[in-house]
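input_17.cif follows; it contains mmCIF, C-alpha atoms.
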data_entry
#
loop_
_atom_site.label_atom_id
_atom_site.label_comp_id
_atom_site.auth_asym_id
_atom_site.auth_seq_id
_atom_site.Cartn_x
_atom_site.Cartn_y
_atom_site.Cartn_z
CA MET A 9 101.84 103.13 128.99
CA THR A 10 99.44 100.67 130.61
CA THR A 11 100.85 97.16 130.64
CA HIS A 12 98.42 94.42 129.68
CA ARG A 13 98.25 90.70 130.07
CA ILE A 14 97.47 89.52 126.55
CA ALA A 15 96.26 86.07 125.60
CA VAL A 16 96.97 85.26 121.95
CA ILE A 17 94.52 82.62 120.76
CA GLY A 18 96.18 80.81 117.88
CA GLY A 19 99.46 82.12 119.25
CA THR A 20 101.59 79.49 117.59
CA GLY A 21 100.49 80.52 114.09
CA PRO A 22 102.67 83.04 112.26
CA GLN A 23 100.38 86.05 112.82
CA GLY A 24 99.80 85.33 116.52
CA LYS A 25 103.44 84.56 117.19
CA GLY A 26 104.58 87.73 115.43
CA LEU A 27 102.10 89.98 117.26
CA GLY A 28 102.81 88.28 120.60
CA TYR A 29 106.49 88.92 120.04
CA ARG A 30 105.89 92.62 119.33
CA PHE A 31 103.63 93.06 122.37
CA ALA A 32 106.06 91.32 124.75
CA ARG A 33 108.93 93.31 123.33
CA HIS A 34 107.21 96.43 124.58
CA GLY A 35 106.54 95.21 128.09
CA HIS A 36 103.24 93.40 127.88
CA SER A 37 102.86 89.98 129.43
CA VAL A 38 101.89 87.50 126.71
CA VAL A 39 100.40 84.03 126.86
CA LEU A 40 100.47 82.19 123.55
CA GLY A 41 97.50 79.88 123.30
CA SER A 42 97.25 76.76 121.16
CA ARG A 43 95.12 73.67 120.91
CA ALA A 44 98.28 71.77 121.75
CA VAL A 45 99.82 72.87 125.07
CA GLU A 46 103.23 71.45 124.21
CA LYS A 47 103.38 73.38 120.98
CA ALA A 48 102.39 76.56 122.84
CA ALA A 49 105.24 76.03 125.29
CA THR A 50 107.74 75.42 122.49
CA VAL A 51 106.79 78.55 120.54
CA ALA A 52 106.65 80.64 123.75
CA ALA A 53 110.20 79.52 124.53
CA GLN A 54 111.24 80.54 121.02
CA VAL A 55 109.76 84.02 121.46
CA ALA A 56 111.22 84.38 124.96
CA GLU A 57 114.63 83.44 123.60
CA ARG A 58 114.39 86.20 121.01
CA LEU A 59 113.54 88.66 123.78
CA ASP A 60 116.38 87.54 126.02
CA GLY A 61 118.32 90.66 126.95
CA VAL A 62 115.68 93.08 125.65
CA GLU A 63 115.23 95.60 128.42
CA GLY A 64 111.71 95.87 129.77
CA ALA A 65 110.36 92.96 127.74
CA GLY A 66 107.33 91.19 129.19
CA GLU A 67 107.09 87.51 130.05
CA VAL A 68 106.00 85.03 127.39
CA SER A 69 104.44 81.69 128.23
CA GLY A 70 102.31 79.06 126.53
CA ALA A 71 98.98 77.48 127.43
CA ALA A 72 95.93 75.77 126.01
CA ASN A 73 93.76 78.34 124.26
CA ALA A 74 91.06 78.65 126.95
CA ASP A 75 93.61 78.59 129.78
CA ALA A 76 95.56 81.39 128.11
CA CYS A 77 92.66 83.70 128.90
CA ASP A 78 93.14 83.25 132.69
CA GLY A 79 93.97 86.67 134.09
CA ALA A 80 94.23 88.25 130.65
CA ASP A 81 92.54 91.64 130.19
CA VAL A 82 93.13 91.52 126.42
CA VAL A 83 92.49 88.49 124.23
CA LEU A 84 93.77 88.51 120.66
CA LEU A 85 92.03 86.18 118.22
CA ALA A 86 94.65 85.15 115.67
CA VAL A 87 93.02 82.05 114.31
CA PRO A 88 91.94 80.88 110.86
CA TYR A 89 88.37 81.74 109.93
CA GLU A 90 87.69 78.04 109.43
CA GLY A 91 86.35 76.87 112.80
CA HIS A 92 86.48 80.41 114.21
CA ASP A 93 82.96 80.55 115.60
CA GLU A 94 83.19 77.17 117.31
CA LEU A 95 86.52 78.07 118.92
CA VAL A 96 85.35 81.51 120.10
CA ALA A 97 82.35 79.86 121.77
CA THR A 98 84.73 77.83 124.00
CA LEU A 99 86.65 80.87 125.31
CA PRO A 100 85.95 82.87 128.50
CA LEU A 101 85.77 86.33 126.91
CA ALA A 102 83.22 88.20 129.06
CA GLY A 103 84.50 91.53 130.35
CA ARG A 104 87.65 91.42 128.23
CA VAL A 105 88.91 93.46 125.34
CA VAL A 106 88.88 91.00 122.45
CA VAL A 107 90.97 91.92 119.41
CA SER A 108 90.12 90.13 116.18
CA CYS A 109 92.67 90.07 113.38
CA VAL A 110 90.86 87.22 111.66
CA ASN A 111 90.66 87.42 107.87
CA PRO A 112 87.90 85.39 106.22
CA LEU A 113 89.57 84.70 102.88
CA ALA A 114 89.32 82.11 100.20
CA PHE A 115 91.57 81.21 97.28
CA ASP A 116 91.02 79.72 93.88
CA LYS A 117 93.02 79.64 90.65
CA ALA A 118 92.26 83.36 90.12
CA GLY A 119 93.85 84.20 93.47
CA PRO A 120 92.62 85.37 96.86
CA TYR A 121 89.23 86.90 97.57
CA GLY A 122 87.10 87.82 100.53
CA ARG A 123 84.68 85.23 101.88
CA VAL A 124 81.12 86.42 102.25
CA VAL A 125 80.16 86.39 105.93
CA ASP A 126 76.46 86.51 106.82
CA GLY A 127 75.39 87.44 103.30
CA GLY A 128 77.81 90.36 103.21
CA GLU A 129 76.38 91.88 106.39
CA GLY A 130 78.86 90.39 108.82
CA SER A 131 82.52 89.82 109.57
CA ALA A 132 84.61 87.59 111.79
CA ALA A 133 84.84 90.40 114.37
CA GLU A 134 81.06 90.84 114.42
CA SER A 135 80.61 87.08 114.74
CA ALA A 136 82.89 87.08 117.79
CA GLN A 137 80.88 89.95 119.30
CA ARG A 138 77.65 88.07 118.72
CA ILE A 139 79.03 84.87 120.26
CA ALA A 140 80.55 86.74 123.23
CA PRO A 141 78.13 89.62 123.84
CA GLU A 142 79.80 90.59 127.13
CA ALA A 143 83.21 91.02 125.52
CA GLN A 144 84.31 94.32 123.97
CA VAL A 145 85.34 93.27 120.49
CA VAL A 146 87.70 95.37 118.40
CA GLY A 147 89.00 94.61 114.89
CA ALA A 148 92.68 95.41 114.22
CA PHE A 149 96.04 94.13 112.92
CA HIS A 150 94.47 92.54 109.84
CA HIS A 151 97.05 93.86 107.39
CA VAL A 152 100.43 93.48 109.07
CA SER A 153 102.21 90.55 107.51
CA ALA A 154 103.56 87.75 109.64
CA PRO A 155 107.12 87.68 108.20
CA VAL A 156 107.46 91.42 108.78
CA LEU A 157 106.17 91.10 112.36
CA TRP A 158 108.72 88.40 113.08
CA GLY A 159 111.40 90.31 111.17
CA ASP A 160 114.16 92.56 112.43
CA ARG A 161 112.72 96.03 111.81
CA GLU A 162 112.13 97.82 115.09
CA PHE A 163 108.83 99.29 113.90
CA LEU A 164 106.66 98.87 110.82
CA SER A 165 106.82 102.63 110.54
CA ASP A 166 105.43 102.84 107.01
CA GLU A 167 102.25 100.96 107.90
CA ASP A 168 99.13 101.81 109.88
CA VAL A 169 97.07 99.61 112.14
CA LEU A 170 93.40 100.26 111.39
CA VAL A 171 91.22 99.79 114.46
CA CYS A 172 87.43 99.44 114.43
CA GLY A 173 85.03 98.84 117.27
CA ASP A 174 81.88 99.98 119.02
CA SER A 175 83.44 100.48 122.45
CA ALA A 176 85.50 103.68 122.53
CA GLU A 177 87.31 102.46 125.64
CA ALA A 178 88.31 99.10 124.15
CA LYS A 179 89.28 100.75 120.90
CA GLN A 180 91.59 103.12 122.77
CA VAL A 181 93.37 100.14 124.38
CA VAL A 182 94.05 98.69 120.92
CA ILE A 183 94.99 102.05 119.40
CA GLU A 184 97.73 102.21 122.03
CA LEU A 185 98.76 98.56 121.55
CA ALA A 186 99.38 99.39 117.90
CA ARG A 187 102.38 101.41 119.06
CA CYS A 188 104.18 98.11 119.70
CA VAL A 189 103.92 97.37 115.99
CA THR A 190 104.16 100.65 114.08
CA GLY A 191 105.69 102.91 116.73
CA ARG A 192 102.62 105.13 116.82
CA ASP A 193 98.91 105.05 117.61
CA GLY A 194 96.59 102.92 115.53
CA VAL A 195 94.08 104.71 113.32
CA ASP A 196 90.52 104.88 114.61
CA ALA A 197 88.66 103.50 111.59
CA GLY A 198 85.17 103.70 113.07
CA ARG A 199 82.48 101.19 114.00
CA LEU A 200 82.93 97.45 114.39
CA ARG A 201 80.87 96.73 111.28
CA LEU A 202 83.64 98.28 109.17
CA ALA A 203 85.53 95.05 109.87
CA ARG A 204 83.50 93.88 106.85
CA GLN A 205 85.79 96.11 104.82
CA LEU A 206 89.05 95.70 106.75
CA GLU A 207 89.12 91.90 106.89
CA PRO A 208 88.86 91.08 103.17
CA LEU A 209 91.16 93.95 102.19
CA THR A 210 93.86 91.43 103.07
CA ALA A 211 92.95 89.61 99.83
CA VAL A 212 94.04 92.72 97.93
CA LEU A 213 97.35 92.84 99.82
CA ILE A 214 98.03 89.16 99.13
CA SER A 215 97.29 89.79 95.46
CA ILE A 216 99.73 92.72 95.48
CA ASN A 217 102.33 90.61 97.28
CA LYS A 218 102.15 87.99 94.57
CA ARG A 219 102.34 90.53 91.74
CA TYR A 220 105.19 92.61 93.22
CA LYS A 221 106.94 89.84 95.19
CA THR A 222 106.82 91.80 98.44
CA HIS A 223 105.08 92.01 101.81
CA SER A 224 102.77 94.94 101.33
CA GLY A 225 100.93 96.87 103.99
CA VAL A 226 98.47 99.73 104.31
CA ARG A 227 99.20 103.32 105.21
CA ILE A 228 96.56 105.99 105.60
CA SER A 229 97.59 109.33 104.14
CA GLY A 230 96.28 112.69 105.28
CA ILE A 231 96.28 112.11 109.05
CA MET B 20 102.90 108.62 77.22
CA THR B 21 99.91 107.61 75.14
CA THR B 22 97.30 110.35 74.98
CA HIS B 23 93.72 109.21 75.39
CA ARG B 24 90.33 110.62 74.69
CA ILE B 25 88.52 110.13 77.96
CA ALA B 26 84.77 110.38 78.49
CA VAL B 27 83.87 111.08 82.11
CA ILE B 28 80.33 109.86 82.77
CA GLY B 29 79.02 111.87 85.68
CA GLY B 30 81.70 114.41 84.85
CA THR B 31 79.96 117.31 86.55
CA GLY B 32 80.01 115.58 89.96
CA PRO B 33 82.96 116.37 92.24
CA GLN B 34 84.83 113.09 91.63
CA GLY B 35 84.38 113.16 87.85
CA LYS B 36 85.26 116.83 87.57
CA GLY B 37 88.38 116.41 89.72
CA LEU B 38 89.63 113.38 87.78
CA GLY B 39 88.80 115.00 84.45
CA TYR B 40 90.82 118.03 85.48
CA ARG B 41 93.82 115.89 86.41
CA PHE B 42 93.69 113.90 83.16
CA ALA B 43 93.39 117.02 80.98
CA ARG B 44 96.17 118.69 82.92
CA HIS B 45 98.46 115.93 81.70
CA GLY B 46 97.51 116.12 78.05
CA HIS B 47 94.51 113.86 77.70
CA SER B 48 91.46 115.05 75.84
CA VAL B 49 88.49 114.98 78.21
CA VAL B 50 84.75 115.10 77.58
CA LEU B 51 82.71 115.64 80.71
CA GLY B 52 79.38 113.90 80.40
CA SER B 53 76.19 114.78 82.22
CA ARG B 54 72.49 114.10 81.97
CA ALA B 55 72.15 117.84 81.37
CA VAL B 56 74.18 119.04 78.36
CA GLU B 57 74.17 122.64 79.54
CA LYS B 58 75.58 121.73 82.91
CA ALA B 59 78.28 119.65 81.21
CA ALA B 60 79.27 122.66 79.09
CA THR B 61 79.37 124.96 82.13
CA VAL B 62 81.57 122.63 84.19
CA ALA B 63 83.82 121.90 81.19
CA ALA B 64 84.34 125.65 80.75
CA GLN B 65 85.24 125.90 84.43
CA VAL B 66 87.86 123.13 84.11
CA ALA B 67 89.19 124.60 80.85
CA GLU B 68 89.56 127.97 82.53
CA ARG B 69 91.64 126.40 85.29
CA LEU B 70 93.88 124.82 82.65
CA ASP B 71 94.29 128.04 80.69
CA GLY B 72 98.01 128.58 80.25
CA VAL B 73 98.98 125.08 81.41
CA GLU B 74 101.43 123.86 78.81
CA GLY B 75 100.41 120.64 77.08
CA ALA B 76 96.98 120.48 78.68
CA GLY B 77 94.32 118.59 76.72
CA GLU B 78 91.01 119.95 75.56
CA VAL B 79 88.00 119.78 77.82
CA SER B 80 84.45 119.83 76.55
CA GLY B 81 80.98 118.85 77.75
CA ALA B 82 78.32 116.57 76.30
CA ALA B 83 75.36 114.40 77.20
CA ASN B 84 76.60 111.21 78.87
CA ALA B 85 76.13 108.85 75.91
CA ASP B 86 77.46 111.41 73.41
CA ALA B 87 80.57 111.91 75.53
CA CYS B 88 81.60 108.37 74.58
CA ASP B 89 81.87 109.29 70.87
CA GLY B 90 85.46 108.74 69.84
CA ALA B 91 86.57 108.05 73.41
CA ASP B 92 88.89 105.07 73.94
CA VAL B 93 88.55 105.36 77.72
CA VAL B 94 85.26 105.85 79.57
CA LEU B 95 85.34 106.72 83.26
CA LEU B 96 82.23 105.91 85.26
CA ALA B 97 82.05 108.51 88.04
CA VAL B 98 78.41 108.21 88.93
CA PRO B 99 76.48 107.43 92.11
CA TYR B 100 75.70 103.76 92.65
CA GLU B 101 72.02 104.64 92.76
CA GLY B 102 70.84 104.20 89.16
CA HIS B 103 74.28 102.95 88.06
CA ASP B 104 73.15 99.81 86.25
CA GLU B 105 70.39 101.57 84.33
CA LEU B 106 72.77 104.34 83.23
CA VAL B 107 75.55 101.96 82.19
CA ALA B 108 73.06 100.05 80.02
CA THR B 109 72.47 103.22 77.96
CA LEU B 110 76.15 103.82 77.14
CA PRO B 111 78.07 102.60 74.08
CA LEU B 112 80.94 100.88 75.89
CA ALA B 113 81.88 97.97 73.61
CA GLY B 114 85.58 97.84 72.78
CA ARG B 115 86.47 100.57 75.23
CA VAL B 116 88.48 100.64 78.43
CA VAL B 117 85.87 101.40 81.08
CA VAL B 118 87.16 102.66 84.41
CA SER B 119 84.79 102.37 87.35
CA CYS B 120 85.42 104.48 90.44
CA VAL B 121 81.89 103.89 91.69
CA ASN B 122 81.51 103.32 95.44
CA PRO B 123 78.35 101.52 96.54
CA LEU B 124 77.98 103.05 99.99
CA ALA B 125 75.19 103.69 102.42
CA PHE B 126 74.93 105.86 105.50
CA ASP B 127 72.92 105.70 108.69
CA LYS B 128 73.27 107.28 112.11
CA ALA B 129 76.25 105.00 112.85
CA GLY B 130 78.10 106.36 109.82
CA PRO B 131 79.07 105.05 106.39
CA TYR B 132 79.18 101.40 105.38
CA GLY B 133 79.52 99.33 102.25
CA ARG B 134 76.37 98.31 100.42
CA VAL B 135 76.05 94.63 99.71
CA VAL B 136 76.09 94.07 95.94
CA ASP B 137 74.83 90.73 94.60
CA GLY B 138 74.79 89.10 98.02
CA GLY B 139 78.41 90.08 98.65
CA GLU B 140 79.61 88.39 95.46
CA GLY B 141 79.56 91.47 93.26
CA SER B 142 80.62 95.08 92.93
CA ALA B 143 79.73 98.08 90.81
CA ALA B 144 82.68 97.33 88.52
CA GLU B 145 81.57 93.73 88.02
CA SER B 146 78.01 94.90 87.34
CA ALA B 147 79.33 97.21 84.63
CA GLN B 148 81.29 94.33 83.11
CA ARG B 149 78.21 92.13 83.12
CA ILE B 150 76.07 94.84 81.51
CA ALA B 151 78.75 95.68 78.93
CA PRO B 152 80.46 92.34 78.23
CA GLU B 153 82.42 93.70 75.29
CA ALA B 154 83.99 96.49 77.32
CA GLN B 155 87.21 96.00 79.26
CA VAL B 156 86.24 97.10 82.75
CA VAL B 157 88.84 98.20 85.28
CA GLY B 158 88.24 99.40 88.85
CA ALA B 159 90.38 102.35 90.05
CA PHE B 160 90.41 105.83 91.65
CA HIS B 161 87.94 104.81 94.38
CA HIS B 162 89.87 106.39 97.23
CA VAL B 163 91.11 109.76 95.96
CA SER B 164 88.96 112.45 97.50
CA ALA B 165 87.24 115.02 95.33
CA PRO B 166 88.43 118.15 97.19
CA VAL B 167 92.04 116.96 96.95
CA LEU B 168 91.67 116.21 93.22
CA TRP B 169 90.35 119.71 92.63
CA GLY B 170 92.92 121.18 95.00
CA ASP B 171 96.25 122.84 94.28
CA ARG B 172 98.73 120.06 94.99
CA GLU B 173 100.53 119.04 91.82
CA PHE B 174 100.35 115.34 92.69
CA LEU B 175 98.72 113.30 95.44
CA SER B 176 102.16 111.86 96.05
CA ASP B 177 101.35 110.22 99.38
CA GLU B 178 98.48 108.19 97.95
CA ASP B 179 98.23 105.18 95.67
CA VAL B 180 95.69 104.41 93.00
CA LEU B 181 94.70 100.76 93.33
CA VAL B 182 93.78 99.23 89.98
CA CYS B 183 91.93 95.93 89.52
CA GLY B 184 90.77 94.23 86.35
CA ASP B 185 90.75 91.05 84.33
CA SER B 186 92.27 92.54 81.16
CA ALA B 187 96.00 93.07 81.61
CA GLU B 188 96.01 95.47 78.67
CA ALA B 189 93.19 97.66 79.98
CA LYS B 190 94.67 97.58 83.46
CA GLN B 191 97.98 98.85 82.09
CA VAL B 192 96.20 101.82 80.47
CA VAL B 193 94.74 102.77 83.86
CA ILE B 194 97.96 102.10 85.76
CA GLU B 195 99.53 104.73 83.49
CA LEU B 196 96.60 107.14 83.81
CA ALA B 197 97.15 107.07 87.57
CA ARG B 198 100.32 109.05 86.95
CA CYS B 199 98.14 112.09 86.28
CA VAL B 200 96.90 111.86 89.87
CA THR B 201 99.73 110.56 92.05
CA GLY B 202 102.73 111.23 89.81
CA ARG B 203 103.51 107.54 89.51
CA ASP B 204 102.05 104.27 88.26
CA GLY B 205 98.92 102.88 89.85
CA VAL B 206 99.25 99.68 91.86
CA ASP B 207 98.12 96.48 90.16
CA ALA B 208 95.74 95.12 92.80
CA GLY B 209 94.70 92.01 90.92
CA ARG B 210 91.46 90.67 89.47
CA LEU B 211 88.30 92.68 88.83
CA ARG B 212 86.42 90.85 91.59
CA LEU B 213 88.67 92.55 94.14
CA ALA B 214 86.61 95.66 93.42
CA ARG B 215 84.34 94.07 96.06
CA GLN B 216 87.03 95.04 98.54
CA LEU B 217 88.22 98.32 97.00
CA GLU B 218 84.83 99.98 96.57
CA PRO B 219 83.52 99.77 100.16
CA LEU B 220 86.92 100.60 101.64
CA THR B 221 85.84 104.15 100.91
CA ALA B 222 83.42 103.83 103.84
CA VAL B 223 86.44 103.37 106.11
CA LEU B 224 88.12 106.47 104.67
CA ILE B 225 84.97 108.56 105.14
CA SER B 226 84.78 107.33 108.72
CA ILE B 227 88.43 108.33 109.25
CA ASN B 228 87.78 111.72 107.63
CA LYS B 229 85.01 112.41 110.08
CA ARG B 230 87.04 111.29 113.10
CA TYR B 231 90.24 113.15 112.15
CA LYS B 232 88.71 116.04 110.21
CA THR B 233 90.85 115.36 107.14
CA HIS B 234 90.75 114.00 103.59
CA SER B 235 92.40 110.63 104.03
CA GLY B 236 93.74 108.38 101.31
CA VAL B 237 95.39 105.00 100.92
CA ARG B 238 99.03 104.24 100.41
CA ILE B 239 100.44 100.76 99.91
CA SER B 240 103.71 100.18 101.77
CA GLY B 241 106.35 97.70 100.76
CA ILE B 242 106.30 98.24 96.98
#

Structure encoded using structure tokens:
Amino acid sequence: MTTHRIAVIGGTGPQGKGLGYRFARHGHSVVLGSRAVEKAATVAAQVAERLDGVEGAGEVSGAANADACDGADVVLLAVPYEGHDELVATLPLAGRVVVSCVNPLAFDKAGPYGRVVDGGEGSAAESAQRIAPEAQVVGAFHHVSAPVLWGDREFLSDEDVLVCGDSAEAKQVVIELARCVTGRDGVDAGRLRLARQLEPLTAVLISINKRYKTHSGVRISGI
Amino acid sequence: MTTHRIAVIGGTGPQGKGLGYRFARHGHSVVLGSRAVEKAATVAAQVAERLDGVEGAGEVSGAANADACDGADVVLLAVPYEGHDELVATLPLAGRVVVSCVNPLAFDKAGPYGRVVDGGEGSAAESAQRIAPEAQVVGAFHHVSAPVLWGDREFLSDEDVLVCGDSAEAKQVVIELARCVTGRDGVDAGRLRLARQLEPLTAVLISINKRYKTHSGVRISGI
């Protein structure tokens, strides 16, 4: 397997920390990015401690978000949708595989729902691609829940990572990275614009979690 | 199990025919509706023939769409999105459980994608509810593929039926009807507005079907 240097933007949040942990566990070098360098270092130390003694684990360090991208061939966007576009605009993403797991969601007293991006004809992943036209943006890892990622199961073997993107090459990188999480290839879900469907599906999972008191995930049957 | 009289609007299309077959197979009385009464009768005879000798199977008949609703306590909308609103407006739906499995999709050379309904703040199911305010509309059965429904497997046991709706009572009826398809209860996915997420997810499944040459479906892990 190719080993990547992966910058996790928003790497001190639960989703970024959990994914960074899984990637490093399987040999990738991970830099957790944060607005606050000190916090990044603290969380990186926490992840590194968990990986202490794990054979073949990659290095984990912390940095300011933009600095985390230095030398990284893969950049994972694991940030809230609020402020997403402004943050993405500050990052050096050209020539890199950029993985967006950003979920534009909103909540009211009736529960979670998908936010409408660009009148329904956009998504966080497409916004990132528009802001960073020389990056190869891929949407993935929207549906894996943070507590499960940080949990003790070796693989989330009953879930699938759905991967969408317009660059076949970049998509293949992420399809293989999914192995760190589920133990097998991610599912090629098609074009980047299908992120419009993948991102807000998380609202359905959160609704199910509340109803069934669980951490639900998605599995694709028939493949 | 409660036995229902189920009108399937668009019952001669592949989705309606397949679901009607599954419901009748498990004892429900099914009326397949069509714009063309003769076609409805022909397809109903075809389904009835398949159920010949199946113990406990319900009756299957054909009728014009609006007539199919006579005496039905459950009405399944299995029609194309094109012309959906106009058709729904002609149906006597008040006081009935109305199940929408309508998928507003579009296709271009880059593949399938979700159509934007009401600027991203609507769905076919919500449109039906608005047009028929005295019906109890539930969204379900969006992701089960027609060839699999009409196929030989007793149950689609590796798939889930996701059910959304604002009436807990109507939702429970449909959660139980899902047993006819998967062999177990449907998954309560939350409020009716989450149909905005469930309906266009079908575009992702179609994309996966094309890529993997399969009939994919959705399973929820963790429940």

Define the interface residues of chain A facing chain B as those within 7 Å, counting all atoms listed in the file, and report them as a PDB file with C-alpha atoms, in the coordinates of the input.
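Here's the written file selection29.pdb:
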ATOM      1  CA  TYR A 121      89.230  86.900  97.570  1.00  0.00           C
ATOM      2  CA  VAL A 124      81.120  86.420 102.250  1.00  0.00           C
ATOM      3  CA  GLY A 127      75.390  87.440 103.300  1.00  0.00           C
ATOM      4  CA  GLY A 128      77.810  90.360 103.210  1.00  0.00           C
ATOM      5  CA  ASP A 166     105.430 102.840 107.010  1.00  0.00           C
ATOM      6  CA  GLU A 167     102.250 100.960 107.900  1.00  0.00           C
ATOM      7  CA  ASP A 196      90.520 104.880 114.610  1.00  0.00           C
ATOM      8  CA  ALA A 197      88.660 103.500 111.590  1.00  0.00           C
ATOM      9  CA  GLY A 198      85.170 103.700 113.070  1.00  0.00           C
ATOM     10  CA  LEU A 202      83.640  98.280 109.170  1.00  0.00           C
ATOM     11  CA  GLN A 205      85.790  96.110 104.820  1.00  0.00           C
ATOM     12  CA  PRO A 208      88.860  91.080 103.170  1.00  0.00           C
ATOM     13  CA  LEU A 209      91.160  93.950 102.190  1.00  0.00           C
ATOM     14  CA  VAL A 212      94.040  92.720  97.930  1.00  0.00           C
ATOM     15  CA  SER A 215      97.290  89.790  95.460  1.00  0.00           C
ATOM     16  CA  ILE A 216      99.730  92.720  95.480  1.00  0.00           C
ATOM     17  CA  TYR A 220     105.190  92.610  93.220  1.00  0.00           C
ATOM     18  CA  THR A 222     106.820  91.800  98.440  1.00  0.00           C
ATOM     19  CA  HIS A 223     105.080  92.010 101.810  1.00  0.00           C
ATOM     20  CA  SER A 224     102.770  94.940 101.330  1.00  0.00           C
ATOM     21  CA  GLY A 225     100.930  96.870 103.990  1.00  0.00           C
ATOM     22  CA  VAL A 226      98.470  99.730 104.310  1.00  0.00           C
ATOM     23  CA  ARG A 227      99.200 103.320 105.210  1.00  0.00           C
ATOM     24  CA  ILE A 228      96.560 105.990 105.600  1.00  0.00           C
ATOM     25  CA  SER A 229      97.590 109.330 104.140  1.00  0.00           C
ATOM     26  CA  GLY A 230      96.280 112.690 105.280  1.00  0.00           C
ATOM     27  CA  ILE A 231      96.280 112.110 109.050  1.00  0.00           C
TER      28      ILE A 231
END

Within 12 Å of file point (87.7, 115.3, 81.5), counting all atoms listed in the file, expressed as a CSV table (one decimal) with C-alpha atoms, keeping the file's coordinate frame:
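Output file part_5.csv is given in full below:
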chain,number,residue,atom,x,y,z
B,23,HIS,CA,93.7,109.2,75.4
B,24,ARG,CA,90.3,110.6,74.7
B,25,ILE,CA,88.5,110.1,78.0
B,26,ALA,CA,84.8,110.4,78.5
B,27,VAL,CA,83.9,111.1,82.1
B,28,ILE,CA,80.3,109.9,82.8
B,29,GLY,CA,79.0,111.9,85.7
B,30,GLY,CA,81.7,114.4,84.8
B,31,THR,CA,80.0,117.3,86.6
B,32,GLY,CA,80.0,115.6,90.0
B,33,PRO,CA,83.0,116.4,92.2
B,34,GLN,CA,84.8,113.1,91.6
B,35,GLY,CA,84.4,113.2,87.8
B,36,LYS,CA,85.3,116.8,87.6
B,37,GLY,CA,88.4,116.4,89.7
B,38,LEU,CA,89.6,113.4,87.8
B,39,GLY,CA,88.8,115.0,84.4
B,40,TYR,CA,90.8,118.0,85.5
B,41,ARG,CA,93.8,115.9,86.4
B,42,PHE,CA,93.7,113.9,83.2
B,43,ALA,CA,93.4,117.0,81.0
B,44,ARG,CA,96.2,118.7,82.9
B,45,HIS,CA,98.5,115.9,81.7
B,46,GLY,CA,97.5,116.1,78.0
B,47,HIS,CA,94.5,113.9,77.7
B,48,SER,CA,91.5,115.0,75.8
B,49,VAL,CA,88.5,115.0,78.2
B,50,VAL,CA,84.8,115.1,77.6
B,51,LEU,CA,82.7,115.6,80.7
B,52,GLY,CA,79.4,113.9,80.4
B,53,SER,CA,76.2,114.8,82.2
B,59,ALA,CA,78.3,119.6,81.2
B,60,ALA,CA,79.3,122.7,79.1
B,62,VAL,CA,81.6,122.6,84.2
B,63,ALA,CA,83.8,121.9,81.2
B,64,ALA,CA,84.3,125.6,80.8
B,65,GLN,CA,85.2,125.9,84.4
B,66,VAL,CA,87.9,123.1,84.1
B,67,ALA,CA,89.2,124.6,80.8
B,70,LEU,CA,93.9,124.8,82.6
B,76,ALA,CA,97.0,120.5,78.7
B,77,GLY,CA,94.3,118.6,76.7
B,78,GLU,CA,91.0,120.0,75.6
B,79,VAL,CA,88.0,119.8,77.8
B,80,SER,CA,84.4,119.8,76.6
B,81,GLY,CA,81.0,118.8,77.8
B,82,ALA,CA,78.3,116.6,76.3
B,87,ALA,CA,80.6,111.9,75.5
B,88,CYS,CA,81.6,108.4,74.6
B,91,ALA,CA,86.6,108.0,73.4
B,93,VAL,CA,88.6,105.4,77.7
B,94,VAL,CA,85.3,105.8,79.6
B,95,LEU,CA,85.3,106.7,83.3
B,96,LEU,CA,82.2,105.9,85.3
B,97,ALA,CA,82.0,108.5,88.0
B,199,CYS,CA,98.1,112.1,86.3

For atom CA of Ser108 of chain A and atom CA of Val146 of chain A, determine how far apart the two atoms are, in Å to one decimal place.
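Computing the Euclidean distance for atom CA of Ser108 of chain A and atom CA of Val146 of chain A yields 6.2 Å.
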
Please identify all polymer residues within 10 Å of Val181 of chain A, counting only C-alpha atoms, omitting same-chain residues fewer than 3 positions from it, and present them as a short mmCIF file (atom, residue, chain, number, x, y, z; two decimals) with C-alpha atoms, in the coordinates of the input.
data_model
loop_
_atom_site.label_atom_id
_atom_site.label_comp_id
_atom_site.auth_asym_id
_atom_site.auth_seq_id
_atom_site.Cartn_x
_atom_site.Cartn_y
_atom_site.Cartn_z
CA THR A 10 99.44 100.67 130.61
CA HIS A 12 98.42 94.42 129.68
CA VAL A 82 93.13 91.52 126.42
CA VAL A 105 88.91 93.46 125.34
CA VAL A 107 90.97 91.92 119.41
CA VAL A 146 87.70 95.37 118.40
CA ALA A 176 85.50 103.68 122.53
CA GLU A 177 87.31 102.46 125.64
CA ALA A 178 88.31 99.10 124.15
CA GLU A 184 97.73 102.21 122.03
CA LEU A 185 98.76 98.56 121.55
CA ALA A 186 99.38 99.39 117.90
CA GLY A 194 96.59 102.92 115.53
#

Please identify all polymer residues within 9 Å of Val96 of chain A, counting only C-alpha atoms, omitting same-chain residues fewer than 6 positions from it, and present them as JSON, numbers by chain.
{"A": [85, 136, 139, 140]}

For Thr11 of chain A, the nearest of the candidates A:Gly103, A:Asp193, A:Gly64, A:Glu94, counting all atoms listed in the file
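Residue with the minimum atom-to-atom distance to Thr11 of chain A: A:Gly64.
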
Just the number, please: distance in Å from atom CA of Glu101 of chain B to atom CA of Ala114 of chain A, one decimal.
29.4 Å

At what distance in Å, to one decimal, does atom CA of Leu110 of chain B lie from atom CA of Asn84 of chain B?
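Between atom CA of Asn84 of chain B and atom CA of Leu110 of chain B the gap is 7.6 Å.
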